[in-house]
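Working notes, beginning with the structure itself.
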Amino acid sequence: MADVKLLDTNTINKIAAGEVVERPASCVKELVENSIDAGAKRIEVEIQNGGKALIRVTDDGAGMSRENAVLSVKRHATSKLTNVADLQSIATLGFRGEALPTIAAVSKFTLQTRRAEDELGTKLRIDGGKLQDTHEVGCKAGTTILVEELFFNTPARFKFLKSTPTEANKIHDFLVKLALSRPEIAFRFINGNRTALATPGNGNLTDTLSAIYGTELTDSLLPLKLDADNLNLRGFVTKPNILKSHRGWQAYIINGRVADSRTIAKAVDEAYKSLIPKTGFPLAVVVLSVPQNSIDVNVHPQKIELKFEDEGKIFKAVYHAVRAAVEGKDLVTEHDLTAVAAAPEVPRFEQIKLVEEVSETPPKKERKPKPQDDLDFEQVLIKVNEPQPPLKASAQIDLGIRNQELGISEVPAQIEPPKPVKPPPVQKPALELEPIGQVARCYIVAQSGNDLYLIDQHAAHERILFDRLSSYAERVPAQGLLIHRVLKFDSREAELIESNLAVFAELGFTMEPSGVNEFRLTEVPVDAAEADAESLLRGIIAEIFNGVNEAGDISRRIRQAVLATTACKAAIKAGQELNSRQMEVLLKDLSTTPHPHTCPHGRPTIIKFSAADLAKMFKRT
């Protein structure tokens, strides 16, 4: 066994950087939290190349003396606690004394700071943990930290960083949540010489939300309010019709600290249960104040997770506050939360009643779905395979099951019809399936020779539509909207759209800028229903930002997301009853499509049971 040795300071800092500074976003987090602790009212963050090339954080906080500046870059040097007892009631965001030395150990680091009462400030320069220079400098009051070439001396860690847009998005997402936690601070985020975020810093959370997500969102905000013994809850959620496909726009703020909390996330989900789709998430900004000694912020080195002393109490408080907001009720303030915690779960009949109240439409009687409920599916499927006469501009090419549902008779004259597309040559089916019946209005039972097949009708039709859309060499056929939609996006989404307008147009979504972070939608793919156009487009953009097919060209990622999501939305759904002719046409189309065995998202479309498989199941062999 080798001798035990003490590690040198530089190696210790590099090891610590693996936990504290995982990526550019965690570097920004530590620096901005230090600015907040210093009492800053204005904080500006600038990055280049997703933070890999440059990170600059400037604040107007208290600044540091020369002695404190030199001491601040030493390991475990902090002004925020003095002994272990302070950990039980720590209220500052940064307190470990690890951030600055670990960042300086893996970058080219410059610190410039001045107190308001000092005539001159102090400038430090550190390369890879080694102090290069310290001198006085003239500068504004506050602190500026410059981090260049992050991980330049740890290539293994640099190699595992994601693409530039992904790293920049993680920084943007964190700053959004931090801005929501501190509406009294004006934040400005510059990404590659472009302002991606700017908040007013006037202390009004509603104004901060409007600055981040647009003024249209404020009409859908529902305030949260609950006061109980030793607990104060404020914030906002949105109506059930305002959703995204990810939880990225939910922020949980506990005692001024942005943190991840499974307890709060689960409570929000339960409060919206039965009101929204399983794949949708409402906006939620939950601002919670509890006694400092009732939480533990030492769970994670990056301080992104915390533990509550009473998880059940927090869950019930958030659940009932969110539920009351959605129902339009005011919870009685200054009450005993133990009574709330003991309250029974909302029964099913109350949930159904709430759906009716939110939708503001008379309840409809449930009835057994029929094939004709949405459209004549059989005629549409048969129509796809028959030679087509010349059509009007509003219905150039039938791509799926939505055409009759659209019902547009004509298109404004200024919109030119797409060029005729030569249909692909008819191929002999590789597998001829004969339908036998339908199970659970979801699966088609079929046979071919002596083999038995089960086909997922939604996944199968999704694959058919996706392959048909992908076969177009030029533009996906589009139809003009009689009433154009003006859509508002956040700055990050708007930047993506503006940079790829031509790509979206080729895929059937024609948009043009109409204001700051606003676009006018004029055309959608022919198989997309007008009513679904906005939600379809927003879902596509959310899917792109979710990191789907992250590697590779952005235009290819957009194309994949557009075609897959469009096909999914237009395909027949589970629960739709099909007759024998409809099943026959669907199976015929599936047998001739290039990739029949999986849907665009990778789920299987066909499961085969050979005669030998059946014999084994029935123990005949």
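How things are named: the first chain in the structure tokens is A, the next is B, and so on; residues count from 1 in each chain; ligands count from 1 in the order shown.
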
Please provide as a PDB file with N, CA and C atoms, in the first residue's frame all residues within 10 Å of A:Asp613, with the sequence filter that same-chain residues fewer than 6 positions apart are discarded (counting only C-alpha atoms).
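Resulting contents of selection.pdb:
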```pdb
ATOM      1  N   ASP A 451     -49.389 -16.409 -38.111  1.00  0.00           N
ATOM      2  CA  ASP A 451     -48.884 -15.537 -37.055  1.00  0.00           C
ATOM      3  C   ASP A 451     -49.952 -14.547 -36.601  1.00  0.00           C
ATOM      4  N   LEU A 452     -49.906 -14.211 -35.315  1.00  0.00           N
ATOM      5  CA  LEU A 452     -50.837 -13.260 -34.710  1.00  0.00           C
ATOM      6  C   LEU A 452     -50.091 -11.957 -34.417  1.00  0.00           C
ATOM      7  N   LYS A 619     -48.581 -24.368 -23.776  1.00  0.00           N
ATOM      8  CA  LYS A 619     -47.885 -25.587 -23.351  1.00  0.00           C
ATOM      9  C   LYS A 619     -48.159 -26.765 -24.277  1.00  0.00           C
ATOM     10  N   ARG A 620     -48.175 -26.469 -25.589  1.00  0.00           N
ATOM     11  CA  ARG A 620     -48.327 -27.537 -26.574  1.00  0.00           C
ATOM     12  C   ARG A 620     -46.973 -28.130 -26.959  1.00  0.00           C
ATOM     13  N   THR A 621     -45.898 -27.441 -26.562  1.00  0.00           N
ATOM     14  CA  THR A 621     -44.564 -27.953 -26.894  1.00  0.00           C
ATOM     15  C   THR A 621     -43.753 -28.120 -25.622  1.00  0.00           C
TER      16      THR A 621
END
```

Can you pull out the residues contacting A:Val258? Cut-off 12 Å, using only C-alpha atoms, and skip same-chain residues under 2 positions away; I want them as a PDB file with C-alpha atoms, in the first residue's frame.
```
ATOM      1  CA  LYS A  29     -24.929  30.525  -9.545  1.00  0.00           C
ATOM      2  CA  GLU A  33     -25.461  34.469  -5.011  1.00  0.00           C
ATOM      3  CA  THR A  92     -27.162  33.798   3.306  1.00  0.00           C
ATOM      4  CA  LEU A  93     -27.009  32.054  -0.071  1.00  0.00           C
ATOM      5  CA  ASP A 173     -33.067  29.107 -16.629  1.00  0.00           C
ATOM      6  CA  PHE A 174     -31.209  29.605 -13.360  1.00  0.00           C
ATOM      7  CA  LEU A 175     -31.164  33.405 -13.683  1.00  0.00           C
ATOM      8  CA  VAL A 176     -34.901  33.395 -14.384  1.00  0.00           C
ATOM      9  CA  LYS A 177     -35.573  31.543 -11.136  1.00  0.00           C
ATOM     10  CA  LEU A 178     -33.156  33.765  -9.235  1.00  0.00           C
ATOM     11  CA  ALA A 179     -34.864  36.885 -10.616  1.00  0.00           C
ATOM     12  CA  LEU A 180     -38.220  35.502  -9.426  1.00  0.00           C
ATOM     13  CA  SER A 181     -36.768  34.916  -5.970  1.00  0.00           C
ATOM     14  CA  ARG A 182     -35.465  38.512  -5.791  1.00  0.00           C
ATOM     15  CA  GLN A 250     -41.663  26.193 -12.013  1.00  0.00           C
ATOM     16  CA  ALA A 251     -39.616  27.922  -9.296  1.00  0.00           C
ATOM     17  CA  TYR A 252     -39.562  26.985  -5.614  1.00  0.00           C
ATOM     18  CA  ILE A 253     -38.131  29.642  -3.300  1.00  0.00           C
ATOM     19  CA  ILE A 254     -37.626  28.778   0.365  1.00  0.00           C
ATOM     20  CA  ASN A 255     -36.492  31.616   2.631  1.00  0.00           C
ATOM     21  CA  GLY A 256     -35.173  33.502  -0.390  1.00  0.00           C
ATOM     22  CA  ASP A 260     -35.277  21.878  -5.861  1.00  0.00           C
ATOM     23  CA  SER A 261     -37.983  20.256  -3.758  1.00  0.00           C
ATOM     24  CA  VAL A 285     -43.738  30.328  -8.427  1.00  0.00           C
ATOM     25  CA  VAL A 286     -43.965  29.145  -4.819  1.00  0.00           C
ATOM     26  CA  VAL A 287     -42.405  31.556  -2.311  1.00  0.00           C
ATOM     27  CA  LEU A 288     -42.235  29.915   1.105  1.00  0.00           C
ATOM     28  CA  VAL A 297     -29.442  23.587   3.357  1.00  0.00           C
ATOM     29  CA  GLN A 302     -24.226  23.213  -4.573  1.00  0.00           C
ATOM     30  CA  LYS A 303     -27.028  24.047  -2.103  1.00  0.00           C
ATOM     31  CA  ILE A 304     -29.661  23.220  -4.728  1.00  0.00           C
ATOM     32  CA  GLU A 305     -31.580  20.815  -2.496  1.00  0.00           C
ATOM     33  CA  LEU A 306     -32.804  21.196   1.066  1.00  0.00           C
TER      34      LEU A 306
END
```

Q) Which polymer residues have any atom within 7 Å of an atom of A:Gly61, counting only C-alpha atoms, with same-chain residues fewer than 2 positions away left out, as a PyMOL selection string? A) chain A and resi 35+38-40+59+63+142-143

Every residue of stretch 213-341 of chain A that DSSP places in helix (DSSP H, G or I), as a tab-separated table (two decimals) with all heavy atoms, in the first residue's frame:
```tsv
chain	number	residue	atom	x	y	z
A	213	TYR	N	-41.77	36.53	-19.11
A	213	TYR	CA	-42.63	35.71	-19.94
A	213	TYR	C	-43.59	36.50	-20.83
A	213	TYR	O	-44.30	35.90	-21.64
A	213	TYR	CB	-43.44	34.74	-19.08
A	213	TYR	CG	-42.60	33.77	-18.30
A	213	TYR	CD1	-42.56	33.80	-16.91
A	213	TYR	CD2	-41.82	32.81	-18.95
A	213	TYR	CE1	-41.78	32.89	-16.18
A	213	TYR	CE2	-41.04	31.92	-18.23
A	213	TYR	CZ	-41.03	31.97	-16.85
A	213	TYR	OH	-40.26	31.09	-16.15
A	215	THR	N	-46.33	40.18	-21.13
A	215	THR	CA	-47.48	40.75	-20.42
A	215	THR	C	-48.73	39.90	-20.56
A	215	THR	O	-49.62	39.97	-19.71
A	215	THR	CB	-47.75	42.16	-20.94
A	215	THR	OG1	-47.92	42.12	-22.38
A	215	THR	CG2	-46.59	43.10	-20.62
A	216	GLU	N	-48.81	39.10	-21.63
A	216	GLU	CA	-50.02	38.28	-21.82
A	216	GLU	C	-50.19	37.25	-20.71
A	216	GLU	O	-51.30	36.83	-20.41
A	216	GLU	CB	-49.97	37.59	-23.18
A	216	GLU	CG	-50.04	38.56	-24.36
A	216	GLU	CD	-49.99	37.83	-25.69
A	216	GLU	OE1	-49.85	36.59	-25.69
A	216	GLU	OE2	-50.08	38.50	-26.73
A	217	LEU	N	-49.09	36.86	-20.10
A	217	LEU	CA	-49.17	35.84	-19.06
A	217	LEU	C	-49.89	36.34	-17.81
A	217	LEU	O	-50.53	35.57	-17.10
A	217	LEU	CB	-47.76	35.36	-18.69
A	217	LEU	CG	-47.68	34.27	-17.62
A	217	LEU	CD1	-48.16	32.94	-18.18
A	217	LEU	CD2	-46.27	34.13	-17.08
A	218	THR	N	-49.79	37.63	-17.55
A	218	THR	CA	-50.34	38.17	-16.30
A	218	THR	C	-51.85	37.95	-16.20
A	218	THR	O	-52.38	37.85	-15.10
A	218	THR	CB	-50.03	39.66	-16.18
A	218	THR	OG1	-50.51	40.35	-17.34
A	218	THR	CG2	-48.53	39.89	-16.07
A	219	ASP	N	-52.54	37.87	-17.34
A	219	ASP	CA	-53.98	37.64	-17.31
A	219	ASP	C	-54.34	36.23	-16.83
A	219	ASP	O	-55.47	35.98	-16.43
A	219	ASP	CB	-54.58	37.87	-18.70
A	219	ASP	CG	-54.46	39.32	-19.15
A	219	ASP	OD1	-54.39	40.19	-18.27
A	219	ASP	OD2	-54.41	39.56	-20.36
A	220	SER	N	-53.36	35.33	-16.89
A	220	SER	CA	-53.62	33.95	-16.49
A	220	SER	C	-53.06	33.61	-15.12
A	220	SER	O	-53.14	32.46	-14.69
A	220	SER	CB	-53.00	32.99	-17.53
A	220	SER	OG	-53.57	33.20	-18.80
A	262	ARG	N	-38.77	18.02	-4.14
A	262	ARG	CA	-39.72	17.02	-4.62
A	262	ARG	C	-41.05	17.15	-3.89
A	262	ARG	O	-42.11	16.87	-4.45
A	262	ARG	CB	-39.14	15.62	-4.42
A	262	ARG	CG	-37.88	15.34	-5.23
A	262	ARG	CD	-37.36	13.95	-4.98
A	262	ARG	NE	-36.11	13.70	-5.70
A	262	ARG	CZ	-35.42	12.57	-5.63
A	262	ARG	NH1	-35.85	11.60	-4.83
A	262	ARG	NH2	-34.31	12.42	-6.30
A	263	THR	N	-40.99	17.57	-2.65
A	263	THR	CA	-42.22	17.71	-1.87
A	263	THR	C	-43.13	18.77	-2.49
A	263	THR	O	-44.33	18.55	-2.68
A	263	THR	CB	-41.88	18.11	-0.42
A	263	THR	OG1	-41.08	17.08	0.17
A	263	THR	CG2	-43.14	18.30	0.41
A	264	ILE	N	-42.56	19.93	-2.81
A	264	ILE	CA	-43.37	21.01	-3.39
A	264	ILE	C	-43.83	20.63	-4.80
A	264	ILE	O	-44.98	20.87	-5.17
A	264	ILE	CB	-42.56	22.32	-3.41
A	264	ILE	CG1	-42.25	22.77	-1.98
A	264	ILE	CG2	-43.32	23.41	-4.15
A	264	ILE	CD1	-41.41	24.02	-1.89
A	265	ALA	N	-42.93	20.03	-5.59
A	265	ALA	CA	-43.30	19.63	-6.94
A	265	ALA	C	-44.47	18.65	-6.93
A	265	ALA	O	-45.42	18.77	-7.71
A	265	ALA	CB	-42.10	19.02	-7.65
A	266	LYS	N	-44.41	17.68	-6.02
A	266	LYS	CA	-45.49	16.69	-5.92
A	266	LYS	C	-46.79	17.34	-5.47
A	266	LYS	O	-47.87	17.00	-5.97
A	266	LYS	CB	-45.07	15.59	-4.93
A	266	LYS	CG	-46.09	14.47	-4.77
A	266	LYS	CD	-46.28	13.70	-6.06
A	266	LYS	CE	-47.20	12.52	-5.85
A	266	LYS	NZ	-47.48	11.79	-7.13
A	267	ALA	N	-46.70	18.31	-4.57
A	267	ALA	CA	-47.90	18.99	-4.10
A	267	ALA	C	-48.58	19.77	-5.22
A	267	ALA	O	-49.81	19.77	-5.35
A	267	ALA	CB	-47.54	19.92	-2.94
A	268	VAL	N	-47.77	20.44	-6.05
A	268	VAL	CA	-48.33	21.18	-7.20
A	268	VAL	C	-48.98	20.20	-8.17
A	268	VAL	O	-50.09	20.46	-8.67
A	268	VAL	CB	-47.23	22.00	-7.90
A	268	VAL	CG1	-47.77	22.63	-9.18
A	268	VAL	CG2	-46.70	23.09	-6.97
A	269	ASP	N	-48.32	19.09	-8.46
A	269	ASP	CA	-48.88	18.09	-9.37
A	269	ASP	C	-50.22	17.56	-8.86
A	269	ASP	O	-51.19	17.43	-9.62
A	269	ASP	CB	-47.91	16.93	-9.55
A	269	ASP	CG	-46.67	17.32	-10.35
A	269	ASP	OD1	-46.69	18.40	-10.96
A	269	ASP	OD2	-45.69	16.55	-10.34
A	270	GLU	N	-50.28	17.24	-7.57
A	270	GLU	CA	-51.50	16.71	-7.00
A	270	GLU	C	-52.64	17.72	-7.02
A	270	GLU	O	-53.80	17.36	-7.24
A	270	GLU	CB	-51.25	16.25	-5.56
A	270	GLU	CG	-50.43	14.98	-5.44
A	270	GLU	CD	-51.15	13.78	-6.04
A	270	GLU	OE1	-52.36	13.64	-5.82
A	270	GLU	OE2	-50.49	13.00	-6.74
A	271	ALA	N	-52.30	18.99	-6.84
A	271	ALA	CA	-53.33	20.04	-6.85
A	271	ALA	C	-53.97	20.19	-8.23
A	271	ALA	O	-55.15	20.54	-8.34
A	271	ALA	CB	-52.73	21.37	-6.40
A	292	GLN	N	-35.88	29.37	9.99
A	292	GLN	CA	-34.62	28.94	9.39
A	292	GLN	C	-34.11	27.62	9.98
A	292	GLN	O	-33.52	26.80	9.28
A	292	GLN	CB	-33.56	30.04	9.57
A	292	GLN	CG	-32.34	29.86	8.68
A	292	GLN	CD	-32.67	29.98	7.20
A	292	GLN	OE1	-33.48	30.80	6.80
A	292	GLN	NE2	-32.08	29.11	6.39
A	293	ASN	N	-34.39	27.40	11.27
A	293	ASN	CA	-33.91	26.17	11.90
A	293	ASN	C	-34.77	24.94	11.56
A	293	ASN	O	-34.50	23.84	12.03
A	293	ASN	CB	-33.80	26.33	13.41
A	293	ASN	CG	-35.14	26.70	14.04
A	293	ASN	OD1	-36.18	26.69	13.37
A	293	ASN	ND2	-35.12	27.04	15.32
A	294	SER	N	-35.81	25.14	10.74
A	294	SER	CA	-36.65	24.01	10.35
A	294	SER	C	-36.27	23.44	8.99
A	294	SER	O	-36.92	22.53	8.48
A	294	SER	CB	-38.13	24.42	10.32
A	294	SER	OG	-38.39	25.33	9.26
A	311	GLU	N	-41.94	17.44	6.30
A	311	GLU	CA	-42.27	17.39	4.88
A	311	GLU	C	-43.79	17.35	4.67
A	311	GLU	O	-44.32	17.97	3.75
A	311	GLU	CB	-41.63	16.15	4.24
A	311	GLU	CG	-40.12	16.09	4.30
A	311	GLU	CD	-39.46	16.93	3.22
A	311	GLU	OE1	-40.16	17.35	2.28
A	311	GLU	OE2	-38.24	17.17	3.32
A	312	GLY	N	-44.50	16.62	5.52
A	312	GLY	CA	-45.95	16.51	5.36
A	312	GLY	C	-46.66	17.84	5.52
A	312	GLY	O	-47.60	18.15	4.79
A	313	LYS	N	-46.21	18.63	6.45
A	313	LYS	CA	-46.80	19.95	6.67
A	313	LYS	C	-46.61	20.84	5.45
A	313	LYS	O	-47.53	21.54	5.02
A	313	LYS	CB	-46.16	20.58	7.90
A	313	LYS	CG	-46.62	21.99	8.21
A	313	LYS	CD	-45.91	22.51	9.45
A	313	LYS	CE	-46.28	23.96	9.74
A	313	LYS	NZ	-45.59	24.47	10.95
A	314	ILE	N	-45.42	20.81	4.85
A	314	ILE	CA	-45.13	21.61	3.66
A	314	ILE	C	-45.98	21.14	2.49
A	314	ILE	O	-46.56	21.95	1.75
A	314	ILE	CB	-43.63	21.55	3.32
A	314	ILE	CG1	-42.78	22.09	4.46
A	314	ILE	CG2	-43.35	22.32	2.04
A	314	ILE	CD1	-43.06	23.52	4.83
A	315	PHE	N	-46.08	19.82	2.33
A	315	PHE	CA	-46.88	19.28	1.22
A	315	PHE	C	-48.33	19.75	1.31
A	315	PHE	O	-48.90	20.23	0.33
A	315	PHE	CB	-46.83	17.75	1.25
A	315	PHE	CG	-47.68	17.09	0.19
A	315	PHE	CD1	-47.18	16.82	-1.05
A	315	PHE	CD2	-49.02	16.78	0.46
A	315	PHE	CE1	-47.96	16.22	-2.03
A	315	PHE	CE2	-49.82	16.19	-0.50
A	315	PHE	CZ	-49.29	15.91	-1.75
A	316	LYS	N	-48.92	19.62	2.48
A	316	LYS	CA	-50.32	20.00	2.65
A	316	LYS	C	-50.52	21.50	2.45
A	316	LYS	O	-51.51	21.93	1.84
A	316	LYS	CB	-50.82	19.60	4.05
A	316	LYS	CG	-50.90	18.10	4.26
A	316	LYS	CD	-51.98	17.47	3.39
A	316	LYS	CE	-52.12	15.98	3.66
A	316	LYS	NZ	-53.18	15.37	2.84
A	317	ALA	N	-49.59	22.30	2.92
A	317	ALA	CA	-49.71	23.75	2.77
A	317	ALA	C	-49.71	24.14	1.31
A	317	ALA	O	-50.55	24.91	0.84
A	317	ALA	CB	-48.59	24.46	3.53
A	318	VAL	N	-48.74	23.61	0.55
A	318	VAL	CA	-48.65	23.95	-0.88
A	318	VAL	C	-49.85	23.41	-1.63
A	318	VAL	O	-50.45	24.10	-2.47
A	318	VAL	CB	-47.33	23.40	-1.47
A	318	VAL	CG1	-47.29	23.63	-2.98
A	318	VAL	CG2	-46.13	24.04	-0.80
A	319	TYR	N	-50.24	22.17	-1.32
A	319	TYR	CA	-51.38	21.57	-2.02
A	319	TYR	C	-52.64	22.40	-1.86
A	319	TYR	O	-53.32	22.74	-2.83
A	319	TYR	CB	-51.62	20.15	-1.50
A	319	TYR	CG	-52.90	19.53	-2.03
A	319	TYR	CD1	-52.93	18.90	-3.25
A	319	TYR	CD2	-54.09	19.61	-1.29
A	319	TYR	CE1	-54.10	18.36	-3.75
A	319	TYR	CE2	-55.26	19.06	-1.77
A	319	TYR	CZ	-55.26	18.44	-3.01
A	319	TYR	OH	-56.43	17.91	-3.50
A	320	HIS	N	-52.97	22.75	-0.63
A	320	HIS	CA	-54.22	23.48	-0.39
A	320	HIS	C	-54.13	24.92	-0.90
A	320	HIS	O	-55.15	25.47	-1.34
A	320	HIS	CB	-54.56	23.43	1.10
A	320	HIS	CG	-55.08	22.11	1.54
A	320	HIS	ND1	-56.38	21.69	1.32
A	320	HIS	CD2	-54.48	21.07	2.19
A	320	HIS	CE1	-56.55	20.48	1.81
A	320	HIS	NE2	-55.40	20.07	2.35
A	321	ALA	N	-52.96	25.54	-0.86
A	321	ALA	CA	-52.83	26.89	-1.39
A	321	ALA	C	-53.03	26.91	-2.90
A	321	ALA	O	-53.74	27.76	-3.45
A	321	ALA	CB	-51.46	27.47	-1.03
A	322	VAL	N	-52.43	25.96	-3.60
A	322	VAL	CA	-52.57	25.88	-5.05
A	322	VAL	C	-53.99	25.51	-5.43
A	322	VAL	O	-54.60	26.09	-6.33
A	322	VAL	CB	-51.57	24.88	-5.65
A	322	VAL	CG1	-51.83	24.67	-7.14
A	322	VAL	CG2	-50.14	25.34	-5.42
A	323	ARG	N	-54.56	24.56	-4.71
A	323	ARG	CA	-55.92	24.13	-5.01
A	323	ARG	C	-56.91	25.28	-4.81
A	323	ARG	O	-57.82	25.49	-5.61
A	323	ARG	CB	-56.30	22.95	-4.11
A	323	ARG	CG	-57.55	22.21	-4.55
A	323	ARG	CD	-57.27	21.38	-5.79
A	323	ARG	NE	-58.49	20.81	-6.33
A	323	ARG	CZ	-58.52	19.93	-7.32
A	323	ARG	NH1	-57.40	19.55	-7.88
A	323	ARG	NH2	-59.66	19.46	-7.78
A	324	ALA	N	-56.72	26.03	-3.74
A	324	ALA	CA	-57.61	27.17	-3.47
A	324	ALA	C	-57.47	28.23	-4.56
A	324	ALA	O	-58.46	28.85	-4.96
A	324	ALA	CB	-57.28	27.77	-2.10
A	325	ALA	N	-56.24	28.44	-5.06
A	325	ALA	CA	-56.04	29.43	-6.11
A	325	ALA	C	-56.74	29.02	-7.40
A	325	ALA	O	-57.41	29.84	-8.05
A	325	ALA	CB	-54.54	29.63	-6.36
A	326	VAL	N	-56.64	27.75	-7.76
A	326	VAL	CA	-57.27	27.27	-8.99
A	326	VAL	C	-58.80	27.30	-8.87
A	326	VAL	O	-59.51	27.58	-9.84
A	326	VAL	CB	-56.78	25.85	-9.32
A	326	VAL	CG1	-57.49	25.30	-10.53
A	326	VAL	CG2	-55.28	25.85	-9.56
A	327	GLU	N	-59.30	27.03	-7.67
A	327	GLU	CA	-60.74	27.04	-7.45
A	327	GLU	C	-61.28	28.45	-7.24
A	327	GLU	O	-62.49	28.64	-7.17
A	327	GLU	CB	-61.09	26.18	-6.24
A	327	GLU	CG	-60.86	24.69	-6.46
A	327	GLU	CD	-61.19	23.88	-5.21
A	327	GLU	OE1	-61.29	24.50	-4.13
A	327	GLU	OE2	-61.36	22.66	-5.33
A	337	LEU	N	-52.18	25.19	10.91
A	337	LEU	CA	-51.92	24.36	9.75
A	337	LEU	C	-52.13	22.88	10.04
A	337	LEU	O	-52.30	22.09	9.13
A	337	LEU	CB	-50.49	24.58	9.24
A	337	LEU	CG	-50.19	24.03	7.84
A	337	LEU	CD1	-51.09	24.66	6.81
A	337	LEU	CD2	-48.74	24.23	7.48
A	338	THR	N	-52.13	22.50	11.29
A	338	THR	CA	-52.38	21.09	11.60
A	338	THR	C	-53.77	20.68	11.14
A	338	THR	O	-54.00	19.55	10.74
A	338	THR	CB	-52.24	20.83	13.11
A	338	THR	OG1	-53.12	21.70	13.82
A	338	THR	CG2	-50.81	21.08	13.55
A	339	ALA	N	-54.70	21.66	11.19
A	339	ALA	CA	-56.04	21.37	10.69
A	339	ALA	C	-56.03	21.18	9.19
A	339	ALA	O	-56.70	20.32	8.63
A	339	ALA	CB	-57.00	22.50	11.07
A	340	VAL	N	-55.24	22.01	8.51
A	340	VAL	CA	-55.12	21.86	7.06
A	340	VAL	C	-54.46	20.54	6.71
A	340	VAL	O	-54.87	19.82	5.81
A	340	VAL	CB	-54.29	23.05	6.47
A	340	VAL	CG1	-54.10	22.87	4.97
A	340	VAL	CG2	-55.00	24.36	6.76
A	341	ALA	N	-53.40	20.21	7.47
A	341	ALA	CA	-52.67	18.98	7.19
A	341	ALA	C	-53.56	17.76	7.38
A	341	ALA	O	-53.37	16.75	6.73
A	341	ALA	CB	-51.44	18.88	8.10
```

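Among the candidate residues A:Ser580, A:Gly51, A:Leu221, A:Val147, the one lying nearest to A:Ser163 is A:Gly51, with distances computed using only C-alpha atoms.
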
Q) Taking into account only C-alpha atoms, which residue in the set A:Val106, A:Lys573, A:Gln582, A:Glu493 is nearest to A:Ile540? A) A:Glu493

Q.
Just to confirm, what's the straight-line distance from atom CA of A:Val137 to atom CA of A:Leu111 in Å (one decimal)?
A. 11.1 Å

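The space between atom CA of A:Val486 and atom CA of A:Ala502 spans 18.1 Å.
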
Q: Mind checking which residues fall within 12 Å of A:Leu150, counting only C-alpha atoms, ignoring those fewer than 4 positions away in the same chain, and posting them as a PyMOL selection string?
A: chain A and resi 17+21-28+47-56+102-109+127-128+146+154-155+157-159+161

Q | Interatomic distance (Å, one decimal) between atom CA of A:Gln447 and atom CA of A:Ala574 | A | 20.7 Å

Q: Can you work out which one of A:His135, A:Arg463, A:Arg42, A:Arg115 has the shortest atom-to-atom distance to A:Ile185, counting only C-alpha atoms?
A: A:Arg42
